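So this one's run_18.csv, CSV, C-alpha atoms and all ligand atoms:
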```
chain,number,residue,atom,x,y,z
I,1,MET,CA,12.7,-14.3,-17.1
I,2,GLN,CA,13.6,-17.1,-14.7
I,3,LYS,CA,12.2,-17.2,-11.2
I,4,LEU,CA,15.0,-18.1,-8.8
I,5,GLU,CA,15.0,-18.7,-5.1
I,6,GLN,CA,12.7,-17.0,-2.6
I,7,ILE,CA,14.6,-14.3,-0.7
I,8,TYR,CA,11.9,-13.1,1.6
I,9,GLU,CA,8.5,-14.2,2.8
I,10,GLY,CA,6.4,-11.3,4.4
I,11,LYS,CA,3.0,-11.3,5.8
I,12,ALA,CA,1.2,-10.8,2.5
I,13,LYS,CA,3.8,-11.5,-0.2
I,14,LYS,CA,6.8,-13.5,-1.1
I,15,VAL,CA,9.8,-12.0,-3.0
I,16,PHE,CA,11.9,-14.0,-5.4
I,17,ARG,CA,15.2,-13.3,-7.1
I,18,THR,CA,15.3,-13.6,-10.9
I,19,ASP,CA,18.1,-14.3,-13.4
I,20,GLU,CA,18.2,-10.5,-13.9
I,21,PRO,CA,19.9,-9.1,-10.8
I,22,SER,CA,18.0,-5.8,-11.0
I,23,LEU,CA,14.5,-7.5,-11.0
I,24,PHE,CA,12.5,-9.3,-8.4
I,25,ILE,CA,9.2,-11.3,-8.6
I,26,VAL,CA,6.6,-10.6,-6.0
I,27,ASP,CA,4.0,-13.3,-5.3
I,28,TYR,CA,0.8,-12.2,-3.6
I,29,LYS,CA,-0.6,-14.6,-0.9
I,30,ASP,CA,-4.1,-14.9,0.5
I,31,ASP,CA,-2.7,-14.6,4.0
I,32,ALA,CA,-3.9,-11.7,6.1
I,33,THR,CA,-2.5,-10.3,9.3
I,34,ALA,CA,-3.5,-7.4,11.6
I,35,PHE,CA,-2.2,-5.8,14.8
I,36,ASN,CA,1.4,-6.4,13.8
I,37,GLY,CA,0.9,-10.1,13.1
I,38,LEU,CA,-1.1,-10.9,16.3
I,39,LYS,CA,-4.3,-11.7,14.3
I,40,LYS,CA,-3.8,-14.1,11.4
I,41,GLY,CA,-6.2,-15.4,8.8
I,42,THR,CA,-6.9,-16.1,5.1
I,43,ILE,CA,-8.9,-13.9,2.7
I,44,VAL,CA,-9.6,-16.2,-0.2
I,45,GLY,CA,-8.8,-14.6,-3.5
I,46,LYS,CA,-7.1,-11.6,-2.0
I,47,GLY,CA,-3.7,-12.3,-3.6
I,48,VAL,CA,-5.1,-12.1,-7.1
I,49,ILE,CA,-7.1,-9.0,-6.4
I,50,ASN,CA,-4.2,-7.2,-4.7
I,51,ASN,CA,-1.8,-8.1,-7.4
I,52,GLN,CA,-4.1,-6.9,-10.2
I,53,MET,CA,-5.3,-3.8,-8.4
I,54,THR,CA,-1.8,-2.7,-7.5
I,55,ASN,CA,-0.5,-3.1,-11.0
I,56,TYR,CA,-3.4,-1.1,-12.4
I,57,PHE,CA,-2.6,1.7,-10.0
I,58,MET,CA,1.1,1.6,-10.6
I,59,GLY,CA,0.3,2.2,-14.3
I,60,LEU,CA,-1.9,5.1,-13.4
I,61,MET,CA,0.9,6.6,-11.2
I,62,GLU,CA,3.4,6.2,-14.0
I,63,LYS,CA,1.0,8.2,-16.3
I,64,ALA,CA,0.8,10.9,-13.6
I,65,GLY,CA,4.6,11.2,-13.6
I,66,ILE,CA,5.2,9.2,-10.4
I,67,PRO,CA,8.0,6.6,-11.0
I,68,THR,CA,7.2,3.1,-9.7
I,69,HIS,CA,8.8,-0.3,-9.3
I,70,PHE,CA,6.3,-2.0,-11.7
I,71,VAL,CA,7.7,-3.9,-14.7
I,72,GLN,CA,5.2,-6.5,-15.8
I,73,GLU,CA,2.4,-8.7,-14.6
I,74,LEU,CA,3.4,-12.3,-15.0
I,75,SER,CA,0.4,-14.2,-13.7
I,76,GLU,CA,-2.7,-13.8,-11.5
I,77,ARG,CA,-0.5,-13.5,-8.4
I,78,GLU,CA,3.0,-12.7,-9.7
I,79,THR,CA,4.5,-9.5,-10.9
I,80,LEU,CA,8.0,-8.5,-12.1
I,81,VAL,CA,9.3,-5.4,-10.3
I,82,LYS,CA,12.5,-3.4,-10.1
I,83,LYS,CA,14.5,-4.5,-7.1
I,84,VAL,CA,14.6,-1.6,-4.7
I,85,SER,CA,16.2,-0.9,-1.4
I,86,ILE,CA,13.1,-0.1,0.6
I,87,VAL,CA,13.1,3.2,2.5
I,88,PRO,CA,12.1,2.0,6.0
I,89,LEU,CA,9.2,4.4,6.3
I,90,GLU,CA,5.5,3.7,6.1
I,91,VAL,CA,4.0,6.7,4.6
I,92,ILE,CA,0.4,7.3,5.5
I,93,ILE,CA,-1.9,9.8,3.9
I,94,ARG,CA,-5.3,10.5,5.4
I,95,ASN,CA,-8.3,12.3,3.9
I,96,ILE,CA,-10.8,11.4,6.7
I,97,SER,CA,-10.3,10.4,10.3
I,98,ALA,CA,-10.2,6.6,11.0
I,99,GLY,CA,-8.2,3.9,12.7
I,100,SER,CA,-5.2,4.9,14.7
I,101,PHE,CA,-5.7,8.6,14.0
I,102,ALA,CA,-9.2,8.5,15.6
I,103,LYS,CA,-7.8,6.5,18.5
I,104,HIS,CA,-4.7,8.7,19.1
I,105,TYR,CA,-6.5,12.0,19.0
I,106,GLY,CA,-9.8,10.8,20.6
I,107,VAL,CA,-12.1,11.8,17.7
I,108,GLU,CA,-14.7,9.9,15.9
I,109,GLU,CA,-14.1,8.2,12.5
I,110,GLY,CA,-15.4,10.0,9.4
I,111,ILE,CA,-14.3,13.6,10.0
I,112,VAL,CA,-13.4,14.9,6.5
I,113,PHE,CA,-10.2,17.0,6.6
I,114,ASP,CA,-9.9,20.3,4.7
I,115,SER,CA,-6.5,19.0,3.4
I,116,PRO,CA,-4.9,15.6,3.6
I,117,THR,CA,-2.4,14.7,6.4
I,118,ILE,CA,0.8,12.8,6.0
I,119,GLU,CA,2.6,10.8,8.7
I,120,PHE,CA,5.5,8.4,8.8
I,121,SER,CA,6.2,5.3,10.8
I,122,TYR,CA,9.4,3.5,11.1
I,123,LYS,CA,9.0,0.2,9.2
I,124,ASN,CA,10.2,-2.1,11.9
I,125,ASP,CA,8.0,-5.0,13.0
I,126,ASP,CA,10.1,-5.6,16.2
I,127,LEU,CA,9.4,-2.1,17.4
I,128,GLY,CA,5.7,-2.2,16.2
I,129,ASP,CA,6.2,0.4,13.4
I,130,PRO,CA,6.5,3.4,15.7
I,131,LEU,CA,5.3,6.8,14.5
I,132,LEU,CA,8.1,9.3,13.8
I,133,ASN,CA,8.5,12.7,12.3
I,134,GLU,CA,11.0,14.0,9.6
I,135,TYR,CA,13.6,15.0,12.2
I,136,HIS,CA,13.5,11.5,13.7
I,137,ALA,CA,13.8,10.0,10.2
I,138,LEU,CA,16.9,12.2,9.5
I,139,ALA,CA,18.4,11.5,12.9
I,140,LEU,CA,18.1,7.8,12.3
I,141,LYS,CA,19.4,8.2,8.8
I,142,LEU,CA,16.4,6.4,7.3
I,143,ALA,CA,16.4,8.9,4.4
I,144,THR,CA,17.9,12.2,3.4
I,145,GLN,CA,15.9,15.5,3.4
I,146,GLU,CA,15.9,15.4,-0.3
I,147,GLU,CA,14.5,11.9,-0.4
I,148,ILE,CA,11.8,12.8,2.2
I,149,ASP,CA,10.8,15.8,0.2
I,150,THR,CA,10.5,13.7,-2.9
I,151,ILE,CA,8.5,11.0,-1.0
I,152,LYS,CA,6.1,13.6,0.3
I,153,LYS,CA,5.5,15.2,-3.1
I,154,TYR,CA,4.8,11.7,-4.7
I,155,ALA,CA,2.6,10.6,-1.8
I,156,PHE,CA,0.3,13.6,-2.1
I,157,ALA,CA,0.3,13.1,-5.9
I,158,VAL,CA,-0.7,9.4,-5.4
I,159,ASN,CA,-3.5,10.6,-3.2
I,160,ASP,CA,-4.9,13.0,-5.9
I,161,VAL,CA,-4.9,10.1,-8.5
I,162,LEU,CA,-6.4,7.5,-6.1
I,163,LYS,CA,-9.0,9.8,-4.7
I,164,SER,CA,-10.4,10.8,-8.0
I,165,PHE,CA,-10.3,7.2,-9.4
I,166,TRP,CA,-12.2,5.8,-6.4
I,167,LYS,CA,-14.7,8.7,-6.5
I,168,GLU,CA,-15.6,7.7,-10.0
I,169,CYS,CA,-16.2,4.2,-8.7
I,170,GLY,CA,-18.5,5.4,-5.9
I,171,VAL,CA,-15.8,4.7,-3.3
I,172,THR,CA,-14.4,7.2,-0.8
I,173,LEU,CA,-10.7,7.0,-0.2
I,174,VAL,CA,-10.2,7.4,3.6
I,175,ASP,CA,-6.5,6.7,4.1
I,176,PHE,CA,-3.7,4.5,2.8
I,177,LYS,CA,-0.1,3.5,3.4
I,178,LEU,CA,2.7,3.7,0.8
I,179,GLU,CA,6.2,2.4,0.7
I,180,PHE,CA,9.0,3.9,-1.4
I,181,GLY,CA,12.3,2.4,-2.5
I,182,LYS,CA,15.6,3.4,-4.2
I,183,ILE,CA,16.7,1.7,-7.4
I,184,GLU,CA,20.4,1.3,-8.1
I,185,ASP,CA,21.1,4.9,-9.2
I,186,GLY,CA,19.3,6.3,-6.1
I,187,THR,CA,16.1,7.3,-7.8
I,188,ILE,CA,13.1,7.1,-5.5
I,189,VAL,CA,10.2,5.0,-6.8
I,190,LEU,CA,6.9,4.0,-5.4
I,191,ALA,CA,7.1,0.3,-4.4
I,192,ASP,CA,5.1,-2.4,-2.6
I,193,GLU,CA,1.3,-2.4,-3.1
I,194,ILE,CA,-1.9,-0.3,-3.3
I,195,SER,CA,-4.8,-2.5,-2.4
I,196,PRO,CA,-7.7,-3.0,0.1
I,197,ASP,CA,-5.0,-4.3,2.5
I,198,THR,CA,-3.3,-0.9,2.5
I,199,CYS,CA,-6.2,1.5,1.9
I,200,ARG,CA,-9.4,2.3,3.7
I,201,LEU,CA,-12.2,2.4,1.2
I,202,TRP,CA,-15.8,3.3,2.1
I,203,ASP,CA,-18.8,3.0,-0.1
I,204,SER,CA,-19.6,6.6,-1.0
I,205,LYS,CA,-23.4,6.1,-0.6
I,206,THR,CA,-23.7,3.7,2.4
I,207,GLY,CA,-20.4,4.2,4.2
I,208,GLU,CA,-19.9,0.5,4.1
I,209,LYS,CA,-16.3,-0.6,4.7
I,210,LEU,CA,-14.8,-2.3,1.6
I,211,ASP,CA,-11.3,-3.0,2.9
I,212,LYS,CA,-9.2,-4.9,5.5
I,213,ASP,CA,-11.0,-3.3,8.4
I,214,ARG,CA,-13.7,-6.0,7.8
I,215,PHE,CA,-11.0,-8.5,8.7
I,216,ARG,CA,-9.4,-6.4,11.5
I,217,ARG,CA,-12.7,-5.8,13.2
I,218,ASP,CA,-14.4,-9.1,12.5
I,219,LEU,CA,-17.2,-7.5,10.5
I,220,GLY,CA,-17.7,-10.5,8.2
I,221,GLY,CA,-18.1,-10.3,4.4
I,222,VAL,CA,-14.3,-9.8,3.9
I,223,GLU,CA,-14.0,-11.7,0.6
I,224,ASP,CA,-17.1,-10.0,-0.7
I,225,ALA,CA,-15.7,-6.5,0.1
I,226,TYR,CA,-12.5,-7.2,-1.8
I,227,ALA,CA,-14.5,-8.7,-4.7
I,228,GLU,CA,-16.8,-5.6,-4.7
I,229,VAL,CA,-14.0,-3.0,-5.0
I,230,MET,CA,-12.3,-5.1,-7.7
I,231,LYS,CA,-15.7,-5.4,-9.6
I,232,ARG,CA,-16.1,-1.6,-9.4
I,233,MET,CA,-12.5,-1.1,-10.7
I,234,ARG,CA,-13.2,-3.4,-13.6
I,235,ALA,CA,-16.5,-1.8,-14.4
I,236,HIS,CA,-14.8,1.6,-14.4
I,237,ASN,CA,-12.2,0.3,-16.8
I,238,GLY,CA,-14.9,-1.3,-19.0
I,239,LYS,CA,-13.8,-4.9,-18.3
I,301,LIG,P1,5.8,-7.3,5.3
I,301,LIG,O1,7.3,-7.3,5.0
I,301,LIG,O2,5.4,-6.0,5.9
I,301,LIG,O3,5.3,-8.5,5.9
I,301,LIG,P2,4.8,-8.1,2.6
I,301,LIG,O4,4.3,-9.5,3.0
I,301,LIG,O5,4.0,-7.3,1.7
I,301,LIG,O6,5.1,-7.2,3.8
I,301,LIG,O7,6.2,-8.4,1.9
I,301,LIG,C1,6.7,-7.8,0.8
I,301,LIG,C2,8.0,-7.1,1.2
I,301,LIG,O8,8.7,-6.7,0.0
I,301,LIG,C3,7.9,-5.9,2.0
I,301,LIG,O9,8.8,-5.9,3.1
I,301,LIG,C4,8.2,-4.7,1.1
I,301,LIG,O10,8.8,-3.6,1.7
I,301,LIG,C5,9.1,-5.4,0.1
I,301,LIG,N1,9.1,-4.8,-1.3
I,301,LIG,C6,8.1,-4.4,-2.0
I,301,LIG,N2,8.4,-4.0,-3.2
I,301,LIG,C7,9.7,-4.2,-3.3
I,301,LIG,C8,10.7,-4.1,-4.4
I,301,LIG,N3,10.4,-3.6,-5.5
I,301,LIG,N4,12.0,-4.5,-4.1
I,301,LIG,C9,12.3,-5.0,-2.9
I,301,LIG,N5,11.5,-5.2,-1.9
I,301,LIG,C10,10.2,-4.8,-2.1
I,302,LIG,N1,-1.7,0.6,7.0
I,302,LIG,C1,-1.0,-0.5,6.3
I,302,LIG,N2,0.0,-1.1,6.9
I,302,LIG,C2,0.3,-0.9,8.2
I,302,LIG,C3,-0.3,0.2,8.9
I,302,LIG,C4,-1.3,0.9,8.2
I,302,LIG,O1,-1.3,-0.8,5.1
I,302,LIG,O2,1.3,-1.5,8.7
I,302,LIG,C5,-2.8,1.3,6.3
I,302,LIG,C6,-4.1,0.9,6.8
I,302,LIG,O3,-4.7,-0.1,6.0
I,302,LIG,C7,-4.9,2.2,6.6
I,302,LIG,C8,-3.8,3.3,6.8
I,302,LIG,O4,-2.6,2.7,6.5
I,302,LIG,O5,-5.4,2.3,5.3
I,302,LIG,C9,-3.8,4.0,8.1
I,302,LIG,O6,-3.7,3.0,9.1
I,302,LIG,P1,-3.8,3.4,10.7
I,302,LIG,O7,-2.6,4.2,11.0
I,302,LIG,O8,-5.1,4.0,11.0
I,302,LIG,O9,-3.6,2.0,11.4
I,302,LIG,P2,-4.5,0.8,11.9
I,302,LIG,O10,-5.8,1.3,12.1
I,302,LIG,O11,-4.4,-0.1,10.7
I,302,LIG,O12,-3.7,0.4,13.1
```

Using C-alpha cells, write down the structure from this file.
Amino acid sequence: MQKLEQIYEGKAKKVFRTDEPSLFIVDYKDDATAFNGLKKGTIVGKGVINNQMTNYFMGLMEKAGIPTHFVQELSERETLVKKVSIVPLEVIIRNISAGSFAKHYGVEEGIVFDSPTIEFSYKNDDLGDPLLNEYHALALKLATQEEIDTIKKYAFAVNDVLKSFWKECGVTLVDFKLEFGKIEDGTIVLADEISPDTCRLWDSKTGEKLDKDRFRRDLGGVEDAYAEVMKRMRAHNGK
C-alpha cells in the first residue's frame, strides 16, 4: 500500500490518499486543541496512544457486530482505513453529567443517569458545532431517517462495549463523541477515533480525570493521564 498525498490536515490527525482509491491512511498527531481551536497545545505521545487505543476499540466493535472503517494498523501513528463520506454529525453519548451538559442545564458534574442520553451536533467548525435534533438533521439533509436510526443503534451499542471494557480497567466512562461515515455502497460504519481526546474517563476509585479535560482545564499531568489509561488497557489485555 502506497501512501500518496495528504488530502486533509485536521486538528488531531492528517488524512492521506493511497494507491487504492477506497482506502485512506490516517496519521495521528500530538497536537491538541480545545474550545473549537481557541486553545492549542501539544500532548507528547498522544498520537501513538490514540492510534493504538482507537484501533483496539474498532476491533472490539467489529466483534460486537458494529461495522467500522478500520483496516490495518500500519505504524505507531498510522492506520489504513476505509475511505468514508463522513456524516456531518457529532454523536455524543452520556452516562454521567459533565462538560457542556452540566453547563447547559445548570447541574453539577457526576450525576449518574438511569439510562444514557444521545445528542447530535452539526460537525461544522465555522458554526462552532451547534447542537441539533433529528428533525434539524433531516431538514438540513445531513442524513436520512434510516441512517439516523442506524447511527443511534450503533452508538448505544458502542456505549455498552466501551462502558464494560473500561469498568474492567477501573475506569468510569462518563461520555464520548463518535463520528460515522458511509462507504461507497452507502453502508454506515463507525469512523474517526475513540480515545481520551474524545471520551471522558474517570478513575473509578478516586474520580481523577484521565482524559482531555486535563488539557482543557489546565489540570496538569496531561501526558501521565493518557499514559495511565493506555497502561490499564494494556494490563487488561495482558500486554
Ligand atoms: P477535525 O477535522 O475535527 O480537526 P481530525 O484532526 O481528527 O479532526 O481530522 C480527521 C478528519 O478525518 C476528521 O474530519 C474526520 O471526520 C475525518 N475522518 C475520520 N475517519 C475517516 C475516514 N475513514 N474517511 C474519511 N474521513 C475520515
Ligand atoms: N467531544 C469531542 N469533540 C468535540 C466535542 C465533544 O470529542 O468536538 C467529546 C468530549 O471529549 C466529551 C464528549 O464529547 O467526551 C462530550 O463533550 P461536551 O459536549 O461535554 O463538550 P465539551 O465539554 O468538550 O465542550

So that I can check the surroundings of segment 233-238 of chain I, please list as a PDB file with C-alpha atoms, in the coordinates of the input every protein, DNA and RNA residue that reaches within 12 Å of it, counting all atoms listed in the file and ignoring chain neighbours fewer than 2 positions away.
```pdb
ATOM      1  CA  ILE I  49      -7.100  -9.000  -6.400  1.00  0.00           C
ATOM      2  CA  ASN I  50      -4.200  -7.200  -4.700  1.00  0.00           C
ATOM      3  CA  GLN I  52      -4.100  -6.900 -10.200  1.00  0.00           C
ATOM      4  CA  MET I  53      -5.300  -3.800  -8.400  1.00  0.00           C
ATOM      5  CA  THR I  54      -1.800  -2.700  -7.500  1.00  0.00           C
ATOM      6  CA  TYR I  56      -3.400  -1.100 -12.400  1.00  0.00           C
ATOM      7  CA  PHE I  57      -2.600   1.700 -10.000  1.00  0.00           C
ATOM      8  CA  LEU I  60      -1.900   5.100 -13.400  1.00  0.00           C
ATOM      9  CA  LEU I 162      -6.400   7.500  -6.100  1.00  0.00           C
ATOM     10  CA  PHE I 165     -10.300   7.200  -9.400  1.00  0.00           C
ATOM     11  CA  TRP I 166     -12.200   5.800  -6.400  1.00  0.00           C
ATOM     12  CA  LYS I 167     -14.700   8.700  -6.500  1.00  0.00           C
ATOM     13  CA  GLU I 168     -15.600   7.700 -10.000  1.00  0.00           C
ATOM     14  CA  CYS I 169     -16.200   4.200  -8.700  1.00  0.00           C
ATOM     15  CA  GLY I 170     -18.500   5.400  -5.900  1.00  0.00           C
ATOM     16  CA  VAL I 171     -15.800   4.700  -3.300  1.00  0.00           C
ATOM     17  CA  SER I 195      -4.800  -2.500  -2.400  1.00  0.00           C
ATOM     18  CA  PRO I 196      -7.700  -3.000   0.100  1.00  0.00           C
ATOM     19  CA  TYR I 226     -12.500  -7.200  -1.800  1.00  0.00           C
ATOM     20  CA  ALA I 227     -14.500  -8.700  -4.700  1.00  0.00           C
ATOM     21  CA  GLU I 228     -16.800  -5.600  -4.700  1.00  0.00           C
ATOM     22  CA  VAL I 229     -14.000  -3.000  -5.000  1.00  0.00           C
ATOM     23  CA  MET I 230     -12.300  -5.100  -7.700  1.00  0.00           C
ATOM     24  CA  LYS I 231     -15.700  -5.400  -9.600  1.00  0.00           C
TER      25      LYS I 231
END
```

Can you work out which one of I:Lys29, I:Lys177, I:Lys182, I:His69 has the shortest atom-to-atom distance to ligand LIG 302 (chain I), counting only C-alpha atoms and all ligand atoms?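 Looking at the shortest contact to ligand LIG 302 (chain I), the residue is I:Lys177.
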
For segment 131-135 of chain I, list every protein, DNA or RNA residue within 8 Å, evaluated using all atoms listed in the file, and leave out those in the same chain fewer than 3 positions away; present the list as a count of residues only. 7

I'd like to know which of I:Asp149, I:Glu78, I:Asp30, I:Glu179 is closest to ligand LIG 301 (chain I), using all atoms listed in the file. I:Glu179

Taking all atoms listed in the file into account, which residues are within 8 Å of ligand LIG 302 (chain I), as a list in words? Ala34, Phe35, Asn36, Glu90, Val91, Ile92, Ile93, Arg94, Ala98, Gly99, Ser100, Phe101, Ala102, Lys123, Asp129, Val174, Asp175, Phe176, Lys177, Leu178, Pro196, Asp197, Thr198, Cys199, Arg200, Leu201, Asp211, Lys212 and Asp213 of chain I

Using all atoms listed in the file, which of the listed residues (I:Gly220, I:Pro116, I:Pro88, I:Gly59) sits closest to ligand LIG 301 (chain I)? I:Pro88

What does the structure give for the distance between atom CA of Gly181 of chain I and atom CA of Lys40 of chain I, in Å to one decimal?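 Atom CA of Gly181 of chain I sits 26.9 Å away from atom CA of Lys40 of chain I.
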
Close residues, Ile183 of chain I itself excluded, 12 Å, all atoms listed in the file, min 6 positions apart in chain, as an NGL selection string: :I and (21-24 or 67-70 or 81-87 or 189-191)

Students should find that atom CA of Lys163 of chain I and atom C7 of ligand LIG 301 (chain I) are spaced 23.4 Å

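The interatomic distance for the pair atom CA of Asn51 of chain I and atom CA of Leu38 of chain I works out to 23.9 Å.
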
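Minimum distance to Glu147 of chain I across I:Thr187, I:Thr79, I:Ser97, I:Gln72 (counting only C-alpha atoms) occurs at I:Thr187.
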
Select, from I:Tyr154, I:Phe113, I:Tyr105, I:Phe180, the residue with the minimum atom-to-atom distance to ligand LIG 301 (chain I), counting only C-alpha atoms and all ligand atoms. I:Phe180

Name the residues within 12 Å of (10.0, -9.2, 5.1), counting only C-alpha atoms in the file's coordinates, and put them as number ranges by chain. I: 6-16, 26, 86, 88, 123-126, 192

Between I:Val48, I:Ile194, I:Leu219, I:Met1, which has the minimum distance to Leu173 of chain I (counting all atoms listed in the file)?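 Of all the options, I:Ile194 lies closest to Leu173 of chain I.
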